[in-house]
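Peer 1: One structure is given below, represented as structure tokens, and several questions about it will come after.
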Protein chains: 2
Amino acid sequence: MGQESSVIHDKCGVETTIAVVGGKWKPMILYALLSGPRRFGELTRLIPEITQRMLTLQLRELEEDEVITREIYKQVPPKVEYSLTPLGRTVEPILSFMQQWGEHFTNTRATSEGHSRDQRRDEL
Amino acid sequence: MGQESSVIHDKCGVETTIAVVGGKWKPMILYALLSGPRRFGELTRLIPEITQRMLTLQLRELEEDEVITREIYKQVPPKVEYSLTPLGRTVEPILSFMQQWGEHFTNTRATSEGHSRDQRRDEL
DNA sequence: CGGGATCCAACATGATACTG
DNA sequence: CAGTATCATGTTGGATCCCG
């Protein structure tokens, strides 16, 4: 009883996943960290389009989510290294799945026809 | 040569996936459609918090991405039905993976400690 | 019933300059 | 080097009213 419409209160893990690994920059940041610890400056060079501001903000969020760690070496000039946590390493498979589905999606649509909603997701 | 920094131009499928199934409403809409075709009014009842405007916008995007179809029955009062396309049905597994990773993430963090970034993703 | 049109608030992101 | 601070803009979502 009470399932009259079975309303969806599906604040599901999907949202969580998107919140943690989604967005414009986090996938690239995480991808950059898969190969090992990186310094702030390295990340800006690996992801040239990102601003310092956004990199800082995204790194702080990832850190708060315990997906990465931030290690400060007390020295001059300053050195800070970012690394994936064990939890952070579990993102690799999910990113991989999302990547694959995204490519499948793009390929499927590319075959049958070619119109696009925003600025062509497959442009680069 | 030329791979000096191996810059990440990873406008990868991850972004595509997020663009198609991500966001605040699309997962719920897709979930609602997994069980079969739904009318506009049904969807608003299944997802009470969504506004008509957002439901319309999201449905249009999903339609343009060929994830769903929109069938208009010419009659009075008007009747419109939304259904998943075959491509749309392929989202089920990826949504499932994202769901599972999101729950794993939440559980992992819940055990060791309890602080949160935004308004607790696991609140409901 | 199933929207479209308009206006507005909130948030995400960008540009630029400055600092310990 | 690794940020912070400030300001401007873009994008998203909500509220409300109207229409075939």
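The way I read the labels, and the way they are meant: chains A, B, ... in the order of the structure tokens, residue 1 as the first residue of every chain, and ligand 1 as the first ligand shown, with later ones counted on from there.
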Within 12 Å of chain A, which residues of chain C are there when counting only C-alpha atoms (C1' of nucleotides)? Please give them as a list in words.

Peer 2: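 Applying the cut-off to the listed atoms yields DA12, DT13, DG14, DA15, DT16 and DG20 of chain C.
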
Peer 1: Take the residues from that selection and write them out as a short mmCIF file (atom, residue, chain, number, x, y, z; two decimals), in the first residue's frame, keeping C-alpha atoms (C1' of nucleotides).

Peer 2:
```cif
data_model
loop_
_atom_site.label_atom_id
_atom_site.label_comp_id
_atom_site.auth_asym_id
_atom_site.auth_seq_id
_atom_site.Cartn_x
_atom_site.Cartn_y
_atom_site.Cartn_z
"C1'" DA C 12 29.66 27.37 -12.23
"C1'" DT C 13 33.32 29.02 -14.69
"C1'" DG C 14 36.57 32.39 -16.76
"C1'" DA C 15 39.94 36.48 -16.70
"C1'" DT C 16 43.03 38.96 -14.38
"C1'" DG C 20 53.74 33.94 0.92
#
```

Peer 1: Using only C-alpha atoms (C1' of nucleotides), determine which residues lie at most 10 Å from DC1 (chain D), disregarding the query and same-chain residues fewer than 4 positions distant; provide the list as number ranges by chain.

Peer 2: A: 39-41, 76-80

Peer 1: Keeping only C-alpha atoms, take the residues you just selected and write them out as a JSON list (two decimals), in the first residue's frame.

Peer 2:
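Here's the written file out37.json:
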```
[["chain", "number", "residue", "atom", "x", "y", "z"],
["A", 39, "ARG", "CA", 52.53, 18.66, -8.76],
["A", 40, "PHE", "CA", 50.21, 21.61, -9.20],
["A", 41, "GLY", "CA", 52.30, 23.03, -12.00],
["A", 76, "VAL", "CA", 61.44, 26.83, -0.89],
["A", 77, "PRO", "CA", 60.23, 27.03, -3.50],
["A", 78, "PRO", "CA", 57.06, 25.33, -2.31],
["A", 79, "LYS", "CA", 56.27, 21.84, -3.52],
["A", 80, "VAL", "CA", 52.86, 20.20, -3.35]]
```

Peer 1: Identify, with DSSP run on backbone atoms, the residues in chain B assigned to strand (DSSP E), and express the list as a list of chain:residue names.

Peer 2: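 Residues of chain B classed as strand (DSSP E): B:Arg38, B:Arg39, B:Ile68, B:Thr69, B:Arg70, B:Glu71, B:Ile72, B:Tyr73, B:Lys79, B:Val80, B:Glu81, B:Tyr82, B:Ser83, B:Leu84.
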
Peer 1: Find the nearest atom pair between each residue of chain A and chain B for residues within 6 Å, count only C-alpha atoms, give distances in Å to one decimal, sort rows by chain and ascending number, and present the table as CSV.

Peer 2:
```
residue,atom,partner,partner_atom,distance
A:Val7,CA,B:Leu46,CA,4.4
A:Ile8,CA,B:Leu46,CA,5.6
A:Gly13,CA,B:Gly102,CA,4.0
A:Val14,CA,B:Gln99,CA,4.4
A:Thr16,CA,B:Gly102,CA,5.1
A:Thr17,CA,B:Gly102,CA,4.7
A:Leu46,CA,B:Val7,CA,4.4
A:Ile47,CA,B:Ile8,CA,5.7
A:Met98,CA,B:Val14,CA,5.0
A:Gln99,CA,B:Gly13,CA,4.1
A:Gly102,CA,B:Gly13,CA,4.0
A:Glu103,CA,B:Gly13,CA,5.2
```

Peer 1: Quick check: residues of chain D within 10 Å of chain A, only C-alpha atoms (C1' of nucleotides), returned as a count of residues only.

Peer 2: 4

Peer 1: Taking 2 positions as the minimum chain separation for residues in the same chain, which residues sit within 9 Å of Glu81 (chain A) when counting only C-alpha atoms (C1' of nucleotides)? Answer as a PyMOL selection string.

Peer 2: chain A and resi 37-40+69-73+79+83

Peer 1: Can those selected residues be exported to a file as a PDB file, in the first residue's frame so that it contains N, CA, C and O atoms?

Peer 2:
```pdb
ATOM      1  N   PRO A  37      51.787  10.485  -8.825  1.00  0.00           N
ATOM      2  CA  PRO A  37      51.641  11.791  -8.180  1.00  0.00           C
ATOM      3  C   PRO A  37      52.017  12.919  -9.133  1.00  0.00           C
ATOM      4  O   PRO A  37      52.913  12.766  -9.984  1.00  0.00           O
ATOM      5  N   ARG A  38      51.351  14.017  -8.998  1.00  0.00           N
ATOM      6  CA  ARG A  38      51.630  15.177  -9.841  1.00  0.00           C
ATOM      7  C   ARG A  38      51.663  16.444  -8.999  1.00  0.00           C
ATOM      8  O   ARG A  38      50.915  16.576  -8.030  1.00  0.00           O
ATOM      9  N   ARG A  39      52.483  17.361  -9.416  1.00  0.00           N
ATOM     10  CA  ARG A  39      52.525  18.661  -8.759  1.00  0.00           C
ATOM     11  C   ARG A  39      51.513  19.596  -9.416  1.00  0.00           C
ATOM     12  O   ARG A  39      51.041  19.339 -10.534  1.00  0.00           O
ATOM     13  N   PHE A  40      51.199  20.649  -8.699  1.00  0.00           N
ATOM     14  CA  PHE A  40      50.214  21.609  -9.201  1.00  0.00           C
ATOM     15  C   PHE A  40      50.598  22.109 -10.591  1.00  0.00           C
ATOM     16  O   PHE A  40      49.783  22.115 -11.522  1.00  0.00           O
ATOM     17  N   THR A  69      44.936  12.842  -2.282  1.00  0.00           N
ATOM     18  CA  THR A  69      45.578  13.441  -1.114  1.00  0.00           C
ATOM     19  C   THR A  69      46.475  14.578  -1.576  1.00  0.00           C
ATOM     20  O   THR A  69      46.920  14.616  -2.727  1.00  0.00           O
ATOM     21  N   ARG A  70      46.737  15.458  -0.661  1.00  0.00           N
ATOM     22  CA  ARG A  70      47.570  16.617  -0.950  1.00  0.00           C
ATOM     23  C   ARG A  70      48.732  16.607   0.020  1.00  0.00           C
ATOM     24  O   ARG A  70      48.543  16.649   1.243  1.00  0.00           O
ATOM     25  N   GLU A  71      49.932  16.512  -0.513  1.00  0.00           N
ATOM     26  CA  GLU A  71      51.098  16.469   0.366  1.00  0.00           C
ATOM     27  C   GLU A  71      51.963  17.693   0.142  1.00  0.00           C
ATOM     28  O   GLU A  71      52.379  17.988  -0.980  1.00  0.00           O
ATOM     29  N   ILE A  72      52.203  18.407   1.214  1.00  0.00           N
ATOM     30  CA  ILE A  72      52.989  19.644   1.135  1.00  0.00           C
ATOM     31  C   ILE A  72      54.408  19.387   1.632  1.00  0.00           C
ATOM     32  O   ILE A  72      54.600  18.915   2.759  1.00  0.00           O
ATOM     33  N   TYR A  73      55.369  19.689   0.805  1.00  0.00           N
ATOM     34  CA  TYR A  73      56.765  19.603   1.210  1.00  0.00           C
ATOM     35  C   TYR A  73      57.202  20.990   1.665  1.00  0.00           C
ATOM     36  O   TYR A  73      57.199  21.940   0.877  1.00  0.00           O
ATOM     37  N   LYS A  79      56.566  23.001  -2.704  1.00  0.00           N
ATOM     38  CA  LYS A  79      56.267  21.838  -3.523  1.00  0.00           C
ATOM     39  C   LYS A  79      55.045  21.140  -2.948  1.00  0.00           C
ATOM     40  O   LYS A  79      54.996  20.858  -1.749  1.00  0.00           O
ATOM     41  N   SER A  83      48.064  12.997  -5.128  1.00  0.00           N
ATOM     42  CA  SER A  83      48.053  11.574  -5.467  1.00  0.00           C
ATOM     43  C   SER A  83      46.652  11.012  -5.281  1.00  0.00           C
ATOM     44  O   SER A  83      45.865  11.530  -4.496  1.00  0.00           O
TER      45      SER A  83
END
```

Peer 1: Write out as a list in words which residues come within 12 Å of DC8 (chain C) when counting only C-alpha atoms (C1' of nucleotides), dropping same-chain ones fewer than 3 positions away.

Peer 2: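 Here the answer would be DG13, DG14, DA15 and DT16 of chain D.
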
Peer 1: Please return as JSON, numbers by chain: the residues of region 36-119 of chain A that backbone DSSP assigns to alpha helix (DSSP H).

Peer 2: {"A": [40, 41, 42, 43, 44, 45, 46, 52, 53, 54, 55, 56, 57, 58, 59, 60, 61, 62, 63, 64, 86, 87, 88, 89, 91, 92, 93, 94, 95, 96, 97, 98, 99, 100, 101, 102, 103, 104, 105, 106, 107, 108, 109, 110, 111, 112]}

Peer 1: Okay, now the selection with N, CA and C atoms, as a compact mmCIF listing (two decimals), in the first residue's frame?

Peer 2:
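Generated output (selection-v9.txt):
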```txt
# COMPACT_ATOMS: atom_id res chain seq x y z
N PHE A 40 51.20 20.65 -8.70
CA PHE A 40 50.21 21.61 -9.20
C PHE A 40 50.60 22.11 -10.59
N GLY A 41 51.84 22.50 -10.72
CA GLY A 41 52.30 23.03 -12.00
C GLY A 41 52.25 22.01 -13.12
N GLU A 42 52.55 20.76 -12.78
CA GLU A 42 52.46 19.70 -13.79
C GLU A 42 51.03 19.59 -14.31
N LEU A 43 50.09 19.64 -13.39
CA LEU A 43 48.68 19.51 -13.78
C LEU A 43 48.26 20.64 -14.70
N THR A 44 48.72 21.85 -14.41
CA THR A 44 48.35 22.96 -15.29
C THR A 44 48.95 22.78 -16.68
N ARG A 45 50.12 22.13 -16.73
CA ARG A 45 50.72 21.90 -18.05
C ARG A 45 50.03 20.75 -18.78
N LEU A 46 49.58 19.75 -18.01
CA LEU A 46 48.89 18.62 -18.63
C LEU A 46 47.50 19.02 -19.10
N GLN A 52 44.09 28.35 -13.00
CA GLN A 52 44.59 28.00 -11.67
C GLN A 52 43.45 27.92 -10.68
N ARG A 53 42.56 28.87 -10.82
CA ARG A 53 41.42 28.92 -9.92
C ARG A 53 40.61 27.62 -9.95
N MET A 54 40.25 27.19 -11.16
CA MET A 54 39.44 25.98 -11.27
C MET A 54 40.21 24.74 -10.83
N LEU A 55 41.49 24.71 -11.17
CA LEU A 55 42.28 23.56 -10.74
C LEU A 55 42.30 23.48 -9.21
N THR A 56 42.52 24.60 -8.59
CA THR A 56 42.52 24.62 -7.13
C THR A 56 41.19 24.15 -6.57
N LEU A 57 40.10 24.69 -7.10
CA LEU A 57 38.79 24.35 -6.59
C LEU A 57 38.50 22.86 -6.76
N GLN A 58 38.80 22.34 -7.94
CA GLN A 58 38.50 20.93 -8.19
C GLN A 58 39.37 20.02 -7.32
N LEU A 59 40.62 20.40 -7.15
CA LEU A 59 41.50 19.60 -6.31
C LEU A 59 41.01 19.59 -4.87
N ARG A 60 40.52 20.73 -4.42
CA ARG A 60 40.00 20.80 -3.04
C ARG A 60 38.80 19.89 -2.86
N GLU A 61 37.94 19.86 -3.87
CA GLU A 61 36.76 19.00 -3.78
C GLU A 61 37.16 17.53 -3.79
N LEU A 62 38.08 17.18 -4.67
CA LEU A 62 38.53 15.79 -4.74
C LEU A 62 39.19 15.39 -3.43
N GLU A 63 39.90 16.33 -2.84
CA GLU A 63 40.56 16.04 -1.57
C GLU A 63 39.52 15.83 -0.47
N GLU A 64 38.53 16.69 -0.45
CA GLU A 64 37.49 16.56 0.57
C GLU A 64 36.71 15.25 0.39
N PRO A 86 43.57 5.12 -2.28
CA PRO A 86 43.05 3.81 -2.72
C PRO A 86 41.62 3.95 -3.26
N LEU A 87 40.80 4.71 -2.55
CA LEU A 87 39.45 4.97 -3.06
C LEU A 87 39.52 5.63 -4.42
N GLY A 88 40.44 6.56 -4.55
CA GLY A 88 40.59 7.26 -5.82
C GLY A 88 40.93 6.32 -6.96
N ARG A 89 41.67 5.29 -6.63
CA ARG A 89 42.04 4.36 -7.69
C ARG A 89 40.86 3.55 -8.20
N VAL A 91 38.23 4.72 -9.14
CA VAL A 91 37.51 5.46 -10.18
C VAL A 91 37.92 5.01 -11.57
N GLU A 92 39.09 4.40 -11.66
CA GLU A 92 39.58 4.04 -12.99
C GLU A 92 38.58 3.19 -13.78
N PRO A 93 38.08 2.09 -13.18
CA PRO A 93 37.10 1.29 -13.93
C PRO A 93 35.85 2.06 -14.31
N ILE A 94 35.33 2.84 -13.38
CA ILE A 94 34.07 3.54 -13.70
C ILE A 94 34.31 4.58 -14.78
N LEU A 95 35.44 5.26 -14.73
CA LEU A 95 35.76 6.20 -15.79
C LEU A 95 35.88 5.46 -17.12
N SER A 96 36.47 4.28 -17.04
CA SER A 96 36.63 3.48 -18.24
C SER A 96 35.28 3.09 -18.85
N PHE A 97 34.36 2.68 -17.96
CA PHE A 97 33.02 2.33 -18.45
C PHE A 97 32.32 3.53 -19.07
N MET A 98 32.44 4.65 -18.39
CA MET A 98 31.78 5.84 -18.91
C MET A 98 32.39 6.23 -20.24
N GLN A 99 33.69 6.12 -20.32
CA GLN A 99 34.39 6.41 -21.58
C GLN A 99 33.87 5.54 -22.71
N GLN A 100 33.79 4.25 -22.41
CA GLN A 100 33.37 3.31 -23.45
C GLN A 100 31.94 3.56 -23.89
N TRP A 101 31.07 3.80 -22.93
CA TRP A 101 29.69 4.03 -23.31
C TRP A 101 29.59 5.32 -24.13
N GLY A 102 30.32 6.33 -23.73
CA GLY A 102 30.32 7.59 -24.46
C GLY A 102 30.77 7.41 -25.90
N GLU A 103 31.80 6.58 -26.08
CA GLU A 103 32.27 6.35 -27.44
C GLU A 103 31.27 5.53 -28.24
N HIS A 104 30.71 4.54 -27.59
CA HIS A 104 29.67 3.75 -28.26
C HIS A 104 28.52 4.65 -28.70
N PHE A 105 28.14 5.53 -27.80
CA PHE A 105 27.06 6.47 -28.11
C PHE A 105 27.40 7.32 -29.32
N THR A 106 28.59 7.89 -29.27
CA THR A 106 29.02 8.75 -30.37
C THR A 106 29.08 7.99 -31.69
N ASN A 107 29.65 6.80 -31.66
CA ASN A 107 29.77 6.01 -32.88
C ASN A 107 28.41 5.62 -33.42
N THR A 108 27.53 5.17 -32.53
CA THR A 108 26.20 4.78 -32.94
C THR A 108 25.49 5.90 -33.66
N ARG A 109 25.60 7.10 -33.11
CA ARG A 109 24.91 8.23 -33.73
C ARG A 109 25.61 8.70 -34.99
N ALA A 110 26.92 8.58 -35.02
CA ALA A 110 27.67 9.05 -36.18
C ALA A 110 27.29 8.28 -37.43
N THR A 111 27.03 6.99 -37.28
CA THR A 111 26.72 6.15 -38.42
C THR A 111 25.44 6.56 -39.10
N SER A 112 24.36 6.61 -38.32
CA SER A 112 23.05 6.81 -38.93
C SER A 112 22.86 8.22 -39.45
```

Peer 1: Please indicate the distance in Å from C1' of DG10 (chain D) to CA of Lys26 (chain A), rounded to one decimal place.

Peer 2: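 Result for C1' of DG10 (chain D) versus CA of Lys26 (chain A): 19.6 Å, one decimal.
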
Peer 1: How many Å lie between C1' of DT11 (chain D) and C1' of DC7 (chain C), rounded to one decimal?

Peer 2: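 Atom-to-atom, C1' of DT11 (chain D) to C1' of DC7 (chain C), that is 15.6 Å.
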
Peer 1: Just the number, please: distance in Å from C1' of DC1 (chain C) to C1' of DT12 (chain D), one decimal.

Peer 2: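 A separation of 26.4 Å between them.
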